[in-house]
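File shown: model21.txt. Contents: compact mmCIF, N, CA and C atoms and all ligand atoms.
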# COMPACT_ATOMS: atom_id res chain seq x y z
N MET A 1 90.26 88.37 84.15
CA MET A 1 91.61 88.96 84.08
C MET A 1 92.52 88.28 85.10
N ASN A 2 93.73 87.92 84.67
CA ASN A 2 94.69 87.33 85.61
C ASN A 2 95.30 88.41 86.49
N TYR A 3 95.61 88.01 87.71
CA TYR A 3 96.22 88.97 88.63
C TYR A 3 97.63 89.32 88.17
N ASN A 4 97.94 90.61 88.17
CA ASN A 4 99.26 91.08 87.75
C ASN A 4 100.08 91.51 88.97
N ASP A 5 101.13 90.74 89.26
CA ASP A 5 101.95 91.01 90.44
C ASP A 5 102.67 92.35 90.41
N ASN A 6 102.68 92.98 89.25
CA ASN A 6 103.39 94.27 89.13
C ASN A 6 102.50 95.48 89.36
N ASN A 7 101.21 95.24 89.71
CA ASN A 7 100.36 96.41 89.92
C ASN A 7 100.83 97.17 91.16
N ILE A 8 100.49 98.46 91.21
CA ILE A 8 101.05 99.35 92.22
C ILE A 8 100.67 98.93 93.65
N PHE A 9 99.48 98.38 93.83
CA PHE A 9 99.09 97.99 95.20
C PHE A 9 99.79 96.71 95.63
N ALA A 10 100.13 95.85 94.68
CA ALA A 10 100.94 94.66 95.01
C ALA A 10 102.31 95.12 95.50
N LYS A 11 102.84 96.16 94.87
CA LYS A 11 104.15 96.68 95.28
C LYS A 11 104.06 97.33 96.66
N ILE A 12 102.95 98.01 96.94
CA ILE A 12 102.76 98.60 98.28
C ILE A 12 102.66 97.48 99.31
N LEU A 13 101.92 96.41 98.99
CA LEU A 13 101.78 95.28 99.93
C LEU A 13 103.14 94.64 100.22
N ARG A 14 104.01 94.59 99.21
CA ARG A 14 105.33 93.98 99.41
C ARG A 14 106.31 94.96 100.05
N GLY A 15 105.88 96.19 100.28
CA GLY A 15 106.75 97.18 100.90
C GLY A 15 107.75 97.78 99.93
N GLU A 16 107.53 97.60 98.63
CA GLU A 16 108.48 98.12 97.63
C GLU A 16 108.22 99.60 97.34
N ILE A 17 106.98 100.03 97.64
CA ILE A 17 106.59 101.43 97.45
C ILE A 17 105.95 101.88 98.77
N PRO A 18 106.30 103.08 99.24
CA PRO A 18 105.73 103.52 100.52
C PRO A 18 104.27 103.93 100.43
N CYS A 19 103.59 103.94 101.58
CA CYS A 19 102.23 104.44 101.62
C CYS A 19 102.03 105.08 102.99
N LYS A 20 101.00 105.93 103.08
CA LYS A 20 100.65 106.53 104.38
C LYS A 20 99.64 105.60 105.04
N LYS A 21 100.17 104.67 105.82
CA LYS A 21 99.34 103.59 106.37
C LYS A 21 98.36 104.07 107.42
N ILE A 22 97.14 103.55 107.35
CA ILE A 22 96.11 103.85 108.35
C ILE A 22 95.91 102.66 109.27
N TYR A 23 95.91 101.47 108.67
CA TYR A 23 95.60 100.26 109.46
C TYR A 23 96.08 99.02 108.68
N GLU A 24 96.49 98.02 109.43
CA GLU A 24 96.86 96.75 108.81
C GLU A 24 96.55 95.60 109.75
N ASP A 25 96.01 94.51 109.21
CA ASP A 25 95.89 93.26 109.97
C ASP A 25 96.13 92.11 108.99
N GLU A 26 95.78 90.90 109.39
CA GLU A 26 96.12 89.77 108.50
C GLU A 26 95.31 89.76 107.21
N PHE A 27 94.21 90.49 107.17
CA PHE A 27 93.35 90.47 105.99
C PHE A 27 93.44 91.71 105.11
N VAL A 28 93.71 92.86 105.72
CA VAL A 28 93.65 94.11 104.95
C VAL A 28 94.83 95.02 105.22
N LEU A 29 95.05 95.90 104.25
CA LEU A 29 95.94 97.05 104.43
C LEU A 29 95.12 98.27 104.02
N SER A 30 95.23 99.34 104.81
CA SER A 30 94.54 100.58 104.46
C SER A 30 95.53 101.73 104.49
N PHE A 31 95.41 102.61 103.51
CA PHE A 31 96.32 103.76 103.42
C PHE A 31 95.61 104.91 102.71
N HIS A 32 96.17 106.10 102.83
CA HIS A 32 95.57 107.28 102.20
C HIS A 32 95.83 107.26 100.69
N ASP A 33 94.81 107.66 99.94
CA ASP A 33 94.98 107.77 98.49
C ASP A 33 95.99 108.87 98.18
N ILE A 34 96.82 108.62 97.19
CA ILE A 34 97.88 109.57 96.82
C ILE A 34 97.30 110.85 96.20
N ASN A 35 96.09 110.76 95.68
CA ASN A 35 95.46 111.90 95.00
C ASN A 35 94.03 112.06 95.54
N PRO A 36 93.93 112.55 96.81
CA PRO A 36 92.61 112.55 97.48
C PRO A 36 91.56 113.37 96.75
N GLN A 37 90.37 112.79 96.63
CA GLN A 37 89.25 113.47 95.96
C GLN A 37 88.32 114.15 96.95
N LYS A 38 88.47 113.84 98.23
CA LYS A 38 87.67 114.46 99.29
C LYS A 38 88.59 114.68 100.49
N LYS A 39 88.07 115.39 101.53
CA LYS A 39 88.91 115.69 102.70
C LYS A 39 89.58 114.43 103.22
N ILE A 40 88.78 113.38 103.35
CA ILE A 40 89.35 112.07 103.70
C ILE A 40 89.12 111.15 102.52
N HIS A 41 90.19 110.54 102.05
CA HIS A 41 90.09 109.58 100.95
C HIS A 41 91.07 108.45 101.24
N ALA A 42 90.52 107.37 101.79
CA ALA A 42 91.32 106.22 102.16
C ALA A 42 91.06 105.08 101.20
N LEU A 43 92.01 104.17 101.13
CA LEU A 43 91.84 102.95 100.34
C LEU A 43 91.97 101.77 101.28
N VAL A 44 91.15 100.75 101.06
CA VAL A 44 91.26 99.51 101.82
C VAL A 44 91.42 98.38 100.82
N ILE A 45 92.48 97.61 100.98
CA ILE A 45 92.74 96.51 100.03
C ILE A 45 92.92 95.20 100.79
N PRO A 46 92.51 94.09 100.18
CA PRO A 46 92.76 92.80 100.82
C PRO A 46 94.22 92.40 100.65
N LYS A 47 94.72 91.57 101.55
CA LYS A 47 96.09 91.08 101.44
C LYS A 47 96.23 90.09 100.29
N GLY A 48 95.14 89.38 99.99
CA GLY A 48 95.17 88.36 98.93
C GLY A 48 95.18 88.98 97.54
N LYS A 49 95.54 88.14 96.57
CA LYS A 49 95.69 88.60 95.19
C LYS A 49 94.36 88.49 94.44
N TYR A 50 93.56 89.55 94.52
CA TYR A 50 92.27 89.58 93.83
C TYR A 50 92.19 90.84 92.98
N THR A 51 91.79 90.67 91.73
CA THR A 51 91.81 91.82 90.81
C THR A 51 90.69 92.83 91.10
N ASP A 52 89.54 92.33 91.50
CA ASP A 52 88.39 93.22 91.68
C ASP A 52 87.34 92.52 92.54
N LEU A 53 86.22 93.20 92.76
CA LEU A 53 85.20 92.66 93.67
C LEU A 53 84.61 91.34 93.16
N ASN A 54 84.45 91.21 91.85
CA ASN A 54 83.91 89.96 91.31
C ASN A 54 84.84 88.79 91.57
N ASP A 55 86.13 89.01 91.30
CA ASP A 55 87.13 87.98 91.54
C ASP A 55 87.14 87.60 93.03
N PHE A 56 87.08 88.61 93.88
CA PHE A 56 87.10 88.39 95.33
C PHE A 56 85.88 87.59 95.78
N SER A 57 84.70 88.01 95.33
CA SER A 57 83.46 87.35 95.76
C SER A 57 83.44 85.89 95.30
N LYS A 58 84.00 85.67 94.12
CA LYS A 58 83.99 84.32 93.55
C LYS A 58 85.05 83.41 94.19
N ASN A 59 86.23 83.96 94.48
CA ASN A 59 87.37 83.11 94.81
C ASN A 59 87.93 83.22 96.22
N ALA A 60 87.59 84.27 96.94
CA ALA A 60 88.15 84.41 98.29
C ALA A 60 87.44 83.48 99.27
N SER A 61 88.15 83.14 100.35
CA SER A 61 87.54 82.31 101.39
C SER A 61 86.57 83.16 102.21
N MET A 62 85.70 82.48 102.95
CA MET A 62 84.76 83.20 103.80
C MET A 62 85.50 84.04 104.85
N ASN A 63 86.62 83.52 105.34
CA ASN A 63 87.43 84.28 106.31
C ASN A 63 87.98 85.55 105.70
N GLU A 64 88.47 85.43 104.46
CA GLU A 64 89.02 86.62 103.79
C GLU A 64 87.92 87.66 103.54
N ILE A 65 86.75 87.17 103.14
CA ILE A 65 85.65 88.09 102.86
C ILE A 65 85.21 88.79 104.15
N ALA A 66 85.03 88.01 105.21
CA ALA A 66 84.63 88.62 106.48
C ALA A 66 85.71 89.57 106.98
N GLY A 67 86.97 89.14 106.90
CA GLY A 67 88.07 89.97 107.39
C GLY A 67 88.17 91.28 106.64
N PHE A 68 87.91 91.22 105.34
CA PHE A 68 88.00 92.43 104.51
C PHE A 68 86.93 93.44 104.91
N PHE A 69 85.68 92.98 105.01
CA PHE A 69 84.61 93.93 105.32
C PHE A 69 84.69 94.42 106.77
N LYS A 70 85.17 93.57 107.66
CA LYS A 70 85.39 94.04 109.03
C LYS A 70 86.51 95.09 109.05
N GLY A 71 87.49 94.90 108.18
CA GLY A 71 88.58 95.88 108.07
C GLY A 71 88.05 97.25 107.68
N ILE A 72 87.11 97.30 106.75
CA ILE A 72 86.54 98.59 106.34
C ILE A 72 85.89 99.27 107.55
N GLU A 73 85.18 98.51 108.34
CA GLU A 73 84.51 99.08 109.52
C GLU A 73 85.55 99.61 110.51
N ILE A 74 86.61 98.86 110.72
CA ILE A 74 87.66 99.29 111.65
C ILE A 74 88.31 100.59 111.16
N VAL A 75 88.59 100.64 109.86
CA VAL A 75 89.22 101.83 109.29
C VAL A 75 88.31 103.05 109.43
N SER A 76 87.01 102.86 109.21
CA SER A 76 86.09 104.00 109.31
C SER A 76 86.11 104.57 110.73
N LYS A 77 86.23 103.70 111.72
CA LYS A 77 86.32 104.17 113.11
C LYS A 77 87.63 104.90 113.36
N LYS A 78 88.71 104.32 112.84
CA LYS A 78 90.03 104.94 113.03
C LYS A 78 90.08 106.33 112.41
N LEU A 79 89.38 106.51 111.31
CA LEU A 79 89.39 107.80 110.61
C LEU A 79 88.37 108.78 111.20
N GLY A 80 87.53 108.31 112.13
CA GLY A 80 86.52 109.17 112.75
C GLY A 80 85.36 109.48 111.83
N ILE A 81 85.08 108.59 110.89
CA ILE A 81 83.99 108.85 109.93
C ILE A 81 82.87 107.83 110.04
N SER A 82 82.92 106.98 111.06
CA SER A 82 81.90 105.94 111.16
C SER A 82 80.56 106.54 111.60
N THR A 83 79.51 105.83 111.36
CA THR A 83 78.20 106.32 111.79
C THR A 83 78.09 106.29 113.31
N GLU A 84 78.88 105.44 113.95
CA GLU A 84 78.88 105.43 115.42
C GLU A 84 79.30 106.78 115.98
N GLY A 85 80.14 107.48 115.25
CA GLY A 85 80.56 108.83 115.65
C GLY A 85 79.64 109.89 115.08
N GLY A 86 78.54 109.47 114.46
CA GLY A 86 77.58 110.42 113.91
C GLY A 86 77.96 110.98 112.55
N LYS A 87 78.97 110.43 111.93
CA LYS A 87 79.45 110.99 110.66
C LYS A 87 78.87 110.22 109.48
N GLY A 88 79.66 109.35 108.90
CA GLY A 88 79.23 108.63 107.70
C GLY A 88 80.21 108.90 106.58
N TYR A 89 80.16 108.08 105.58
CA TYR A 89 81.14 108.16 104.50
C TYR A 89 80.60 107.39 103.30
N ARG A 90 81.30 107.45 102.20
CA ARG A 90 80.93 106.64 101.04
C ARG A 90 82.01 105.61 100.78
N ALA A 91 81.58 104.35 100.63
CA ALA A 91 82.49 103.27 100.24
C ALA A 91 82.19 102.93 98.79
N LEU A 92 83.23 102.89 97.97
CA LEU A 92 83.02 102.71 96.54
C LEU A 92 84.12 101.82 95.97
N THR A 93 83.74 100.92 95.09
CA THR A 93 84.76 100.15 94.39
C THR A 93 84.47 100.15 92.90
N ASN A 94 85.48 100.43 92.11
CA ASN A 94 85.36 100.39 90.65
C ASN A 94 85.74 99.00 90.17
N ILE A 95 84.99 98.51 89.19
CA ILE A 95 85.23 97.15 88.69
C ILE A 95 85.40 97.19 87.19
N GLY A 96 86.61 96.84 86.74
CA GLY A 96 86.85 96.69 85.30
C GLY A 96 86.79 97.97 84.50
N ASN A 97 86.81 97.81 83.19
CA ASN A 97 86.91 98.94 82.26
C ASN A 97 85.77 99.93 82.39
N ASP A 98 84.54 99.45 82.27
CA ASP A 98 83.40 100.37 82.33
C ASP A 98 83.26 100.98 83.72
N GLY A 99 83.73 100.28 84.75
CA GLY A 99 83.67 100.80 86.11
C GLY A 99 84.74 101.84 86.39
N GLY A 100 85.70 101.97 85.48
CA GLY A 100 86.76 102.97 85.64
C GLY A 100 87.88 102.54 86.57
N GLN A 101 88.06 101.23 86.72
CA GLN A 101 89.12 100.74 87.60
C GLN A 101 90.49 100.94 86.96
N GLU A 102 91.40 101.57 87.72
CA GLU A 102 92.75 101.81 87.18
C GLU A 102 93.77 100.83 87.74
N VAL A 103 93.64 100.50 89.01
CA VAL A 103 94.61 99.59 89.63
C VAL A 103 93.95 98.21 89.79
N PRO A 104 94.52 97.18 89.15
CA PRO A 104 93.87 95.86 89.13
C PRO A 104 94.16 95.00 90.37
N HIS A 105 93.98 95.60 91.55
CA HIS A 105 93.97 94.85 92.81
C HIS A 105 92.77 95.41 93.56
N LEU A 106 91.84 94.55 93.98
CA LEU A 106 90.62 95.03 94.65
C LEU A 106 90.90 96.11 95.68
N HIS A 107 90.17 97.19 95.60
CA HIS A 107 90.27 98.24 96.63
C HIS A 107 88.94 98.93 96.76
N PHE A 108 88.61 99.27 97.99
CA PHE A 108 87.47 100.14 98.26
C PHE A 108 88.02 101.51 98.58
N HIS A 109 87.40 102.53 97.99
CA HIS A 109 87.68 103.91 98.35
C HIS A 109 86.74 104.27 99.50
N LEU A 110 87.24 104.91 100.53
CA LEU A 110 86.39 105.47 101.58
C LEU A 110 86.53 106.99 101.52
N PHE A 111 85.40 107.65 101.19
CA PHE A 111 85.41 109.12 101.10
C PHE A 111 84.65 109.66 102.30
N GLY A 112 85.21 110.65 102.98
CA GLY A 112 84.52 111.21 104.13
C GLY A 112 85.12 112.53 104.57
N GLY A 113 84.72 112.95 105.78
CA GLY A 113 85.23 114.19 106.34
C GLY A 113 84.46 115.41 105.88
N GLU A 114 83.51 115.22 104.98
CA GLU A 114 82.66 116.30 104.47
C GLU A 114 81.49 115.63 103.76
N LYS A 115 80.48 116.42 103.36
CA LYS A 115 79.37 115.85 102.59
C LYS A 115 79.92 115.38 101.24
N ILE A 116 79.59 114.17 100.86
CA ILE A 116 80.18 113.61 99.65
C ILE A 116 79.42 114.00 98.38
N GLY A 117 78.14 114.25 98.50
CA GLY A 117 77.42 114.78 97.35
C GLY A 117 76.93 113.71 96.38
N LYS A 118 76.73 114.13 95.14
CA LYS A 118 76.12 113.32 94.09
C LYS A 118 76.77 111.94 93.97
N MET A 119 75.94 110.92 93.76
CA MET A 119 76.48 109.56 93.77
C MET A 119 77.34 109.27 92.53
N VAL A 120 76.84 109.61 91.37
CA VAL A 120 77.66 109.40 90.16
C VAL A 120 77.58 110.64 89.28
N SER A 121 78.64 110.88 88.54
CA SER A 121 78.59 112.05 87.65
C SER A 121 78.66 111.58 86.20
P1 LIG A 201 90.67 103.09 90.78
O1 LIG A 201 90.49 104.06 89.65
O2 LIG A 201 91.47 101.88 90.35
O3 LIG A 201 89.40 102.74 91.47
O4 LIG A 201 91.50 103.86 91.88
C1 LIG A 201 92.88 103.80 92.00
C2 LIG A 201 93.28 104.81 93.06
O5 LIG A 201 94.60 104.54 93.46
C3 LIG A 201 93.24 106.28 92.60
O6 LIG A 201 92.36 107.01 93.45
C4 LIG A 201 94.69 106.73 92.72
O7 LIG A 201 94.81 108.07 93.15
C5 LIG A 201 95.27 105.75 93.73
N1 LIG A 201 96.68 105.50 93.57
C6 LIG A 201 97.35 105.20 92.41
N2 LIG A 201 98.65 105.01 92.65
C7 LIG A 201 98.81 105.15 93.99
C8 LIG A 201 99.95 105.05 94.84
O8 LIG A 201 101.08 104.79 94.42
N3 LIG A 201 99.75 105.26 96.18
C9 LIG A 201 98.50 105.57 96.68
N4 LIG A 201 98.42 105.75 97.99
N5 LIG A 201 97.42 105.66 95.91
C10 LIG A 201 97.56 105.46 94.58
Turn the structure described in the file into structure tokens.
Ligand code: 5GP
Amino acid sequence: MNYNDNNIFAKILRGEIPCKKIYEDEFVLSFHDINPQKKIHALVIPKGKYTDLNDFSKNASMNEIAGFFKGIEIVSKKLGISTEGGKGYRALTNIGNDGGQEVPHLHFHLFGGEKIGKMVS
């Protein structure tokens, strides 16, 4: 799938649509999901134009890949859900149609702040 510059997260990255920002650096932007499914529901997205995890793994640079996953760790600490604080959380990414992906810009959901429960329904 080609990257679509009009997807909602591309607009958030360009500052055209507001978000409740949690963290930003040169590799990632993190913000609260607009429709939280758990007490804490954050999204972490790369700054680069990647549609999903497969596209990212195949085409991103090693720096982008490292920066993205380090960003998730930083965000988990900022939200107080990291295992270092004795908590924990679920990181999840949907890929493509069967994966239930709605927004075609790679994003990881971070669910936490309570027991997350069953892995898939
Ligand atoms: P997906 O189904 O693609 O894995 O998840 C997309 C997520 O993006 C959903 O959880 C949805 O609530 C969230 N979302 C969609 N539009 C917006 C928006 O404009 N702002 C924020 N913060 N989240 C959004």
Take the point (86.3, 99.0, 98.7) as written in the file and pick out every residue within 8 Å of it, counting only N, CA and C atoms; give the list as an MDAnalysis selection string.
-> chainID A and resid 43:45 72 91:94 106:110
Excluding segment 48-63 of chain A and any residue of its chain fewer than 3 positions from it, enumerate the residues within 6 Å of it, using all atoms listed in the file, and give them as a PyMOL selection string.
-> chain A and resi 3+27+66-68+95+104-107
Atom pair atom N of Lys78 of chain A + atom CA of Glu114 of chain A, distance 15.8 Å
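Nearest-residue note for Ile40 of chain A: choosing from A:Gly15, A:Gly85, A:Gly112, A:Gly80, the minimum distance belongs to A:Gly112, counting all atoms listed in the file.
Here the question is which of A:Pro18, A:Lys77, A:Ala10, A:Tyr89 gets nearest to Met119 of chain A using only C-alpha atoms, and that residue is A:Tyr89.
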Within 7 Å of ligand LIG 201 (chain A), counting only C-alpha atoms and all ligand atoms: which residues, as an NGL selection string?
-> :A and (8 or 19-20 or 31-36 or 93-94 or 100-104 or 107)
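If you look at atom CA of Asn7 of chain A and atom CA of Ser76 of chain A, they are 25.2 Å away from each other.
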Just give me the gap between atom C of Ile22 of chain A and atom CA of Pro46 of chain A in Å, one decimal is fine.
-> 13.4 Å
From A:Phe9, A:Val75, A:Tyr23, A:Lys39, residue lying nearest Lys115 of chain A [all atoms listed in the file] | A:Lys39
Taking the backbone alone, and naming residues the way the document does, which bits of chain A are helix (DSSP H, G or I) by DSSP, as number ranges by chain?
-> A: 8-13, 53-59, 62-78, 83-85, 96-99
Residues of chain A in strand (DSSP E) according to DSSP, as a ChimeraX atom specification?
-> /A:21-24,28-32,40-46,90-92,108-112
Which one is closest to Arg90 of chain A: A:Met1, A:Gly71, A:Lys38, A:Leu13? Count only C-alpha atoms.
-> A:Lys38
